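Worksheet: one structure, shown below.
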Amino acid sequence: MKFEQTSLKGNFLINLEKKEDDRGFFARYFCEKEFSEHKLNTKWVQINNSESKKIGTLRGLHYQRESCAEIKLVRCLKGAIWDVVVDLRDGSETFGKWFGAELSDKNRTMMYIPKGFAHGYITLKPNSEILYLVSEFYEPKAEGTLVWNDSKVKISWEIKPKVISDKDANGDALDKIVPIRLKN
């Protein structure tokens, strides 16, 4: 696997190193040794799967507070998404900054999202399917939503949303969110 640090500390894009022959290819999605060498999480307690039928479906920007804060490893299995994270960590030099990248079934790139980040995506193709590993059990009482079009964060979405839930459309502005305080 090839690990590429993004502009946000602890956030990585991970590309597969494929072994190819006339049958196709083989690649590792996860290797505890390689993740440990990069000081990344190696314990996953949930694996979630999501499909969005229409182009322009926006999901997020979701996060979990303090002790329930999650690490995610996201991959697009079918179709394509514009995957976005926003740093909500208390005291972070990049608090309120965002990073986005296209994840697709063609590039097979994964995004590693550390604790203290809001996460969301918009579908670029119909019937896009996402698989993501999560480090903590989901706790509804700890969930928060950063509004997708916050005027201070200024995310450059690849396309305009066409489908969005009420919860996501009415998320909190960055000014209303208490920064996530993480234990070291």
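Chain identifiers are assigned as A, B, and so on, following the order in which chains appear in the structure tokens; residues are numbered from 1 within each chain, and ligands are numbered from 1 in order of appearance.
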
Show me, as CSV, the residues of region 61-137 of chain A having an atom within 12 Å of region 35-44 of chain A, each with the closest atom pair and its distance in Å, using only C-alpha atoms.
residue,atom,partner,partner_atom,distance
A:Glu70,CA,A:Trp44,CA,9.9
A:Ile71,CA,A:Asn41,CA,7.4
A:Lys72,CA,A:Trp44,CA,8.7
A:Leu73,CA,A:Trp44,CA,9.3
A:Tyr112,CA,A:Leu40,CA,8.6
A:Ile113,CA,A:Leu40,CA,9.9
A:Pro114,CA,A:Leu40,CA,8.5
A:Lys115,CA,A:Asn41,CA,10.1
A:Tyr132,CA,A:Trp44,CA,9.9
A:Leu133,CA,A:Trp44,CA,6.1
A:Val134,CA,A:Trp44,CA,5.4
A:Ser135,CA,A:Trp44,CA,4.4
A:Glu136,CA,A:Trp44,CA,7.2
A:Phe137,CA,A:Trp44,CA,9.3

Open item on the list: With only C-alpha atoms as the counted atoms, please give the residues lying no more than 10 Å from Glu93 (chain A), apart from itself and same-chain residues fewer than 6 positions off, as an MDAnalysis selection string.
Closed with: chainID A and resid 8:9 87

Restricted to N, CA and C atoms, what would the selected residues look like written as a compact mmCIF listing (two decimals), in the first residue's frame?
# COMPACT_ATOMS: atom_id res chain seq x y z
N LEU A 8 -4.00 17.76 5.93
CA LEU A 8 -4.53 17.72 7.29
C LEU A 8 -3.83 16.59 8.06
N LYS A 9 -3.15 16.94 9.13
CA LYS A 9 -2.36 15.97 9.89
C LYS A 9 -3.19 14.75 10.31
N ASP A 87 -11.48 19.17 9.62
CA ASP A 87 -10.82 19.04 10.91
C ASP A 87 -11.60 19.79 11.98

Task: Residue nearest Ser165 (chain A) among A:Val147, A:Phe12, A:Gly79, A:Asp22 (counting only C-alpha atoms) - done: A:Val147

Open item on the list: Give me the residues near Asp166 (chain A) as a VMD selection string, where near means some atom within 12 Å (using only C-alpha atoms) and where sequence neighbours in that chain fewer than 4 positions away do not count.
Closed with: chain A and resid 58 to 60 145 147 to 148 170 to 171

Task: Distance criterion (only C-alpha atoms): nearest to Asn127 (chain A) out of A:Lys54, A:Lys18, A:Lys33, A:Arg23 - done: A:Lys54

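Using only C-alpha atoms for every distance, the candidate list A:Cys76, A:Ile180, A:Ala27, A:Ile14 yields A:Cys76 as the residue closest to Ser50 (chain A).
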
Task: Spatial neighbours of Lys154 (chain A), 9 Å, only C-alpha atoms, chain gap at least 3 places, as an NGL selection string - done: :A and (97-98 or 148-151)

Those selected residues, please, written with C-alpha atoms and delivered as a PDB file, in the first residue's frame.
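File written: part.pdb
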ATOM      1  CA  LYS A  97      -9.961  23.314   7.146  1.00  0.00           C
ATOM      2  CA  TRP A  98     -11.151  20.699   4.676  1.00  0.00           C
ATOM      3  CA  TRP A 148     -22.320  20.864   4.103  1.00  0.00           C
ATOM      4  CA  ASN A 149     -22.238  24.460   2.815  1.00  0.00           C
ATOM      5  CA  ASP A 150     -20.791  26.285   5.824  1.00  0.00           C
ATOM      6  CA  SER A 151     -19.706  29.798   4.793  1.00  0.00           C
TER       7      SER A 151
END

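Across A:Lys152, A:Arg75, A:Lys183, A:Lys162, the tightest approach to Glu102 (chain A) is made by A:Arg75 when counting only C-alpha atoms.
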
TODO: Write out as an MDAnalysis selection string which residues come within 12 Å of Thr57 (chain A) when counting only C-alpha atoms, dropping same-chain ones fewer than 2 positions away.
DONE: chainID A and resid 50:55 59:60 80:83 120:129 148 157:165 168:169

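Coordinates place CA of Leu13 (chain A) at a distance of 20.3 Å from CA of Phe25 (chain A).
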
Task: Residue set, region 18-146 of chain A restricted to strand (DSSP E), as a PyMOL selection string - done: chain A and resi 19-21+24-26+46-52+57-64+72-78+80-87+98-104+110-113+117-123+128-134+143-145

Open item on the list: Using only C-alpha atoms, which protein or nucleic acid residues come within 7 Å of Phe117 (chain A)? Drop anything in the same chain fewer than 4 positions from it, and give the result as an MDAnalysis selection string.
Closed with: chainID A and resid 63 85:89 113
